[in-house]
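For reference, structure_16.cif (mmCIF, C-alpha atoms and all ligand atoms):
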data_query
loop_
_atom_site.label_atom_id
_atom_site.label_comp_id
_atom_site.auth_asym_id
_atom_site.auth_seq_id
_atom_site.Cartn_x
_atom_site.Cartn_y
_atom_site.Cartn_z
CA MET W 6 116.24 137.67 64.94
CA SER W 7 115.85 137.04 68.60
CA SER W 8 113.46 138.15 71.33
CA ALA W 9 113.07 137.67 75.06
CA ASN W 10 110.98 134.63 74.23
CA ASP W 11 113.40 133.13 71.75
CA HIS W 12 114.87 129.96 73.20
CA ARG W 13 116.65 128.61 70.14
CA PRO W 14 120.27 127.89 70.99
CA GLN W 15 123.03 129.03 68.65
CA ASP W 16 124.09 125.41 68.14
CA ASN W 17 121.30 122.94 67.44
CA ASN W 18 123.38 120.00 68.58
CA GLN W 19 122.07 119.35 72.06
CA ARG W 20 125.32 118.51 73.84
CA ASN W 21 124.28 119.99 77.15
CA GLY W 22 121.83 118.41 79.52
CA PRO W 23 118.37 119.84 80.12
CA VAL W 24 118.02 122.74 82.52
CA HIS W 25 114.24 122.62 82.89
CA VAL W 26 112.49 119.25 83.09
CA ALA W 27 108.77 118.71 83.68
CA VAL W 28 107.13 115.43 84.65
CA ILE W 29 103.63 114.06 84.26
CA MET W 30 103.71 111.66 87.20
CA ASP W 31 101.36 108.89 86.12
CA GLY W 32 100.59 105.37 87.28
CA ASN W 33 100.31 105.63 91.08
CA GLY W 34 96.95 103.89 91.02
CA ARG W 35 98.05 101.05 88.74
CA TRP W 36 101.23 100.54 90.75
CA ALA W 37 99.13 100.11 93.91
CA LYS W 38 96.55 97.87 92.22
CA ARG W 39 99.29 95.50 91.01
CA ARG W 40 100.34 95.08 94.61
CA GLY W 41 96.79 94.66 95.92
CA LEU W 42 97.11 97.99 97.75
CA PRO W 43 94.68 100.92 97.95
CA ARG W 44 95.28 103.80 95.48
CA ALA W 45 96.31 105.98 98.43
CA ALA W 46 99.35 103.73 98.93
CA GLY W 47 100.33 104.47 95.33
CA HIS W 48 100.18 108.21 95.94
CA LYS W 49 102.23 107.80 99.11
CA ALA W 50 104.86 105.87 97.17
CA GLY W 51 104.65 108.66 94.58
CA VAL W 52 105.83 111.15 97.19
CA LYS W 53 108.92 108.99 97.80
CA ALA W 54 109.60 109.08 94.07
CA ILE W 55 109.35 112.89 94.12
CA LYS W 56 112.00 113.00 96.84
CA ARG W 57 114.31 110.70 94.85
CA VAL W 58 113.85 112.73 91.69
CA VAL W 59 114.47 116.09 93.38
CA GLU W 60 117.84 114.78 94.63
CA ALA W 61 118.72 113.11 91.31
CA ALA W 62 117.81 116.25 89.34
CA HIS W 63 120.36 118.20 91.31
CA GLU W 64 123.06 115.61 90.55
CA LEU W 65 122.23 115.79 86.84
CA GLY W 66 122.43 119.57 86.64
CA ILE W 67 118.67 120.06 86.23
CA THR W 68 118.06 123.33 88.02
CA HIS W 69 114.32 123.53 87.32
CA LEU W 70 111.95 120.65 87.94
CA THR W 71 108.22 121.09 87.32
CA LEU W 72 105.83 118.37 88.51
CA TYR W 73 102.16 117.87 87.64
CA ALA W 74 100.87 117.14 91.14
CA PHE W 75 97.13 117.89 90.83
CA SER W 76 95.30 118.88 87.67
CA ALA W 77 92.13 120.94 87.47
CA GLU W 78 90.54 117.76 86.07
CA ASN W 79 91.58 115.68 89.11
CA TRP W 80 88.64 117.16 91.05
CA SER W 81 86.39 114.71 89.22
CA ARG W 82 88.01 111.73 90.98
CA PRO W 83 86.10 110.11 93.87
CA ALA W 84 85.80 112.51 96.83
CA ASP W 85 87.79 110.27 99.19
CA GLU W 86 90.70 110.06 96.75
CA VAL W 87 90.72 113.86 96.30
CA ALA W 88 90.61 114.35 100.09
CA GLY W 89 93.45 111.85 100.52
CA LEU W 90 95.57 113.59 97.88
CA MET W 91 94.98 117.00 99.49
CA GLN W 92 95.94 115.61 102.90
CA LEU W 93 99.07 114.04 101.40
CA ILE W 94 100.03 117.31 99.67
CA LEU W 95 99.56 119.21 102.94
CA GLU W 96 101.60 116.71 104.98
CA THR W 97 104.35 116.55 102.37
CA LEU W 98 104.66 120.34 102.20
CA ARG W 99 104.87 120.39 106.00
CA ASN W 100 107.33 117.49 106.35
CA GLU W 101 109.63 118.36 103.46
CA LEU W 102 110.08 122.08 103.99
CA ALA W 103 113.20 121.62 106.11
CA ASP W 104 114.66 119.35 103.45
CA LEU W 105 114.02 121.91 100.72
CA GLU W 106 115.78 124.49 102.87
CA ARG W 107 118.71 122.11 103.41
CA GLN W 108 119.01 121.50 99.66
CA LYS W 109 118.65 125.25 98.94
CA ILE W 110 115.69 124.64 96.67
CA ARG W 111 113.06 127.30 96.02
CA LEU W 112 109.46 126.14 96.02
CA ASN W 113 107.27 127.59 93.29
CA ILE W 114 103.63 126.77 92.55
CA ILE W 115 101.64 127.14 89.33
CA GLY W 116 97.91 126.68 88.82
CA ARG W 117 94.95 128.08 90.74
CA TRP W 118 96.40 126.97 94.08
CA ARG W 119 94.88 129.86 96.00
CA ALA W 120 91.52 128.14 95.54
CA LEU W 121 92.71 125.12 97.57
CA ASP W 122 91.88 124.53 101.22
CA SER W 123 93.04 127.43 103.42
CA GLU W 124 95.39 125.18 105.41
CA ILE W 125 97.23 124.20 102.22
CA VAL W 126 97.33 127.80 100.99
CA ALA W 127 98.86 128.91 104.32
CA GLN W 128 101.42 126.09 104.20
CA ILE W 129 102.35 127.00 100.62
CA ASP W 130 102.65 130.69 101.52
CA GLU W 131 105.03 129.78 104.34
CA ALA W 132 107.10 127.45 102.15
CA ILE W 133 107.38 130.07 99.39
CA VAL W 134 108.55 132.74 101.82
CA ARG W 135 111.02 130.43 103.57
CA THR W 136 112.59 129.17 100.34
CA LYS W 137 112.42 132.31 98.20
CA ASP W 138 116.16 133.09 98.33
CA ASN W 139 117.31 129.51 97.64
CA ALA W 140 119.40 129.38 94.48
CA ALA W 141 120.44 125.74 93.99
CA GLY W 142 117.25 124.91 92.10
CA THR W 143 113.54 125.54 91.71
CA LEU W 144 110.90 122.92 92.36
CA THR W 145 107.61 123.93 90.76
CA LEU W 146 104.46 122.03 91.67
CA ALA W 147 101.44 122.36 89.40
CA LEU W 148 98.45 122.35 91.74
CA ASN W 149 94.87 122.75 90.52
CA TYR W 150 96.57 123.37 87.20
CA SER W 151 95.18 123.41 83.66
CA GLY W 152 97.31 124.45 80.69
CA ARG W 153 94.30 125.84 78.83
CA GLN W 154 93.16 127.77 81.90
CA ASP W 155 96.63 129.29 82.25
CA ILE W 156 96.54 130.41 78.60
CA VAL W 157 93.05 131.87 79.07
CA ASP W 158 94.21 133.72 82.20
CA ALA W 159 97.16 135.21 80.26
CA ALA W 160 94.82 136.25 77.43
CA ARG W 161 92.43 137.86 79.90
CA SER W 162 95.12 139.91 81.62
CA LEU W 163 96.37 141.15 78.23
CA ALA W 164 92.79 142.01 77.22
CA GLN W 165 92.37 143.90 80.48
CA ALA W 166 95.62 145.81 79.92
CA ALA W 167 94.50 146.72 76.38
CA HIS W 168 91.07 147.72 77.63
CA SER W 169 92.57 150.04 80.26
CA GLY W 170 94.93 151.53 77.67
CA SER W 171 98.22 150.46 79.28
CA ILE W 172 99.05 148.46 76.13
CA THR W 173 97.71 148.40 72.57
CA PRO W 174 96.71 145.17 70.75
CA ALA W 175 99.89 145.56 68.65
CA ASP W 176 101.95 145.13 71.84
CA ILE W 177 100.66 141.57 72.22
CA ASP W 178 103.41 139.29 70.96
CA GLU W 179 104.75 135.90 72.10
CA ALA W 180 106.94 137.42 74.79
CA ALA W 181 104.06 139.47 76.21
CA PHE W 182 101.86 136.38 76.19
CA ALA W 183 104.48 134.16 77.85
CA ALA W 184 104.95 136.81 80.54
CA GLY W 185 101.33 136.27 81.61
CA LEU W 186 101.69 132.53 82.16
CA GLY W 187 102.36 130.86 85.51
CA THR W 188 105.75 129.77 84.20
CA ALA W 189 106.84 133.31 83.22
CA ASP W 190 109.84 133.32 85.54
CA LEU W 191 111.05 129.82 84.59
CA PRO W 192 113.52 129.00 81.80
CA PRO W 193 112.20 127.41 78.58
CA LEU W 194 111.05 123.83 79.05
CA ASP W 195 113.69 121.46 77.63
CA LEU W 196 112.25 118.06 78.38
CA LEU W 197 108.82 116.65 79.27
CA ILE W 198 108.76 113.19 80.85
CA ARG W 199 105.68 111.03 81.26
CA THR W 200 105.56 107.79 83.21
CA SER W 201 103.33 104.71 82.79
CA GLY W 202 103.58 104.62 79.00
CA GLU W 203 100.72 106.98 78.16
CA MET W 204 101.29 109.19 75.11
CA ARG W 205 99.22 112.15 76.19
CA VAL W 206 99.92 115.71 77.31
CA SER W 207 96.82 115.88 79.54
CA ASN W 208 96.48 119.66 79.55
CA PHE W 209 99.95 120.22 81.03
CA LEU W 210 102.16 123.17 79.99
CA LEU W 211 100.49 123.50 76.59
CA TRP W 212 102.25 126.70 75.58
CA GLU W 213 105.58 125.74 77.11
CA ILE W 214 106.02 122.41 75.26
CA ALA W 215 106.21 124.07 71.83
CA TYR W 216 109.88 123.09 71.39
CA SER W 217 110.39 120.64 74.27
CA GLU W 218 111.65 117.11 73.79
CA PHE W 219 109.36 114.34 74.97
CA TRP W 220 110.43 111.16 76.83
CA VAL W 221 108.04 108.41 77.93
CA THR W 222 108.79 105.40 80.12
CA PRO W 223 106.51 102.42 80.74
CA ASP W 224 107.49 102.51 84.44
CA PHE W 225 104.87 103.68 86.90
CA TRP W 226 105.67 106.87 88.81
CA PRO W 227 106.38 105.11 92.18
CA GLU W 228 109.08 103.09 90.37
CA PHE W 229 110.75 106.17 88.92
CA GLY W 230 114.08 107.37 90.26
CA ALA W 231 117.65 108.40 89.47
CA ARG W 232 118.13 105.61 86.92
CA GLN W 233 115.19 106.59 84.69
CA LEU W 234 115.90 110.31 85.05
CA GLY W 235 119.49 109.64 84.02
CA GLN W 236 118.27 107.72 80.95
CA ALA W 237 115.95 110.54 79.96
CA VAL W 238 118.78 113.06 80.26
CA ALA W 239 121.17 110.82 78.30
CA ASP W 240 118.59 110.49 75.49
CA PHE W 241 118.01 114.21 75.49
CA THR W 242 121.69 115.01 75.09
CA LYS W 243 121.84 112.73 72.00
CA ARG W 244 118.97 114.47 70.25
CA ARG W 245 119.39 117.39 67.91
CA ARG W 246 116.84 120.06 68.52
CA ARG W 247 115.92 121.75 65.28
CA TYR W 248 113.16 124.18 66.30
CA GLY W 249 111.56 123.68 62.90
CA ALA W 250 114.73 124.47 60.96
CA LEU W 251 117.10 122.20 59.12
CA SER W 252 120.36 121.45 60.83
CA GLU W 253 123.78 120.72 59.36
CA GLY W 254 123.92 117.48 57.41
CA ASP W 255 120.13 117.33 56.77
C1 LIG W 301 98.96 109.90 88.89
O1 LIG W 301 98.63 108.62 89.27
C2 LIG W 301 99.32 110.77 89.99
C3 LIG W 301 98.66 111.89 90.43
C4 LIG W 301 97.22 112.03 90.62
C5 LIG W 301 99.45 113.07 90.74
C6 LIG W 301 100.71 112.83 91.52
C7 LIG W 301 100.53 112.94 92.98
C8 LIG W 301 101.47 112.51 93.87
C9 LIG W 301 102.76 111.90 93.46
C10 LIG W 301 101.22 112.58 95.32
C11 LIG W 301 101.16 113.90 96.00
C12 LIG W 301 101.92 115.03 95.44
C13 LIG W 301 102.65 115.93 96.15
C14 LIG W 301 103.23 117.11 95.46
C15 LIG W 301 102.93 115.81 97.60
P1 LIG W 301 97.20 108.08 88.92
O2 LIG W 301 96.40 108.09 90.17
O3 LIG W 301 96.62 108.84 87.79
O4 LIG W 301 97.54 106.63 88.47
P2 LIG W 301 96.69 105.69 87.50
O5 LIG W 301 96.68 106.35 86.15
O6 LIG W 301 97.46 104.41 87.50
O7 LIG W 301 95.32 105.55 88.09
#

Before anything else, please render the file you have as structure tokens.
Amino acid sequence: MSSANDHRPQDNNQRNGPVHVAVIMDGNGRWAKRRGLPRAAGHKAGVKAIKRVVEAAHELGITHLTLYAFSAENWSRPADEVAGLMQLILETLRNELADLERQKIRLNIIGRWRALDSEIVAQIDEAIVRTKDNAAGTLTLALNYSGRQDIVDAARSLAQAAHSGSITPADIDEAAFAAGLGTADLPPLDLLIRTSGEMRVSNFLLWEIAYSEFWVTPDFWPEFGARQLGQAVADFTKRRRRYGALSEGD
């Protein structure tokens, strides 16, 4: 049986590389501390890593890259760090737009980004419009994002639709639910990478990771680049994804 939400391949041997990769970019602060630098320098170096990874993803055939740039929980960091991150996000969106256009990459945002500062919202709106027809790849930034919040939002919109009579409760299935998430128009998540050695999901893409592979590196995010992404992809292609079933030879 298959449905619009069914992402089990016919062949469980994962010979092909991942199409959709998400990254929890962790360790900017520790990278900076090790060098006796302020945390802001770590975030700045983190932007350079994003640029490297966007280019490397393209080389590796990853068409969809989803990055955890600012979580809903990140607001509880010191005010000056939050302000610095917001300024960095604004400047990066401004400075890198031409490069996204050159690489034919579409910018997509998930999370409650419309609640961010109006200058950032305007910059995002412009970037989305200017890159909307780009087909080489999709870069999704999670901004003011919470996986639980996204699930709650999807549940609420289904409840509203049922309340208004446009659907019945029996219409609510996995596909209908997934269609209400921020990631609705993205392919299934193949691989989730986390840097800095932490073994946590930190409220990222909670629904979407159901059948994703997980890859963790001890390297801090500012150290991450084509080499580590290539390793993650090579590991992924060696794994057999079973989606809860047995595969041949088991
Ligand atoms: C984690 O390091 C990093 C973040 C808070 C998110 C990533 C942000 C960037 C790479 C910079 C700006 C992003 C964009 C899209 C322009 P941490 O501070 O949690 O590190 P630590 O765990 O060592 O303290």

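Considering all atoms listed in the file, the residue among W:Arg82, W:Arg161, W:Arg119, W:Arg107 positioned nearest to ligand LIG 301 (chain W) is W:Arg82.
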
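Restricting the calculation to all atoms listed in the file, the smallest distance between ligand LIG 301 (chain W) and any of W:Arg135, W:His63, W:Arg199, W:His69 is found for W:Arg199.
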
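We find atom CA of Thr145 of chain W and atom CA of Ala37 of chain W to be spaced 25.5 Å apart.
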
If I wrap all listed atoms of segment 145-153 of chain W in a box with edges along x, y and z and add 3 Å on each side, what are its centre and edge lengths in Å to one decimal, as lines of an AutoDock Vina configuration file?
center_x = 101.0
center_y = 123.9
center_z = 85.3
size_x = 19.3
size_y = 9.8
size_z = 18.9

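The environment of Asp122 of chain W within 10 Å, counting only C-alpha atoms and disregarding residues fewer than 4 places along the same chain, consists of W:Met91, W:Gln92, W:Leu95, W:Trp118, W:Val126, W:Ala127.
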
For this session: For ligand LIG 301 (chain W), collect every residue having any atom at a distance of at most 6 Å from a ligand atom (counting all atoms listed in the file); output as number ranges by chain.
Result: W: 30-35, 48, 51-52, 74-75, 90, 93-94, 97

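Minimum atom-to-atom distances from W:Val87, W:Val134, W:Leu121, W:Leu194 to Thr71 of chain W were compared using all atoms listed in the file, and the lowest value belongs to W:Leu194.
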
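Distance check against Phe225 of chain W using only C-alpha atoms: of W:Glu213, W:Glu86, W:Glu203, W:Asp158, the minimum falls on W:Glu203.
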
Min atom-atom distance to Ala46 of chain W from the set W:Gly89, W:Thr173, W:Ala159, W:Ser201, counting all atoms listed in the file, belongs to W:Gly89

Check: Hey, what's within 7 Å of segment 146-155 of chain W if we count all atoms listed in the file and toss same-chain stuff fewer than 6 positions away? As an NGL selection string, please?
Finding: :W and (71-77 or 113-118 or 186-187 or 208-211)
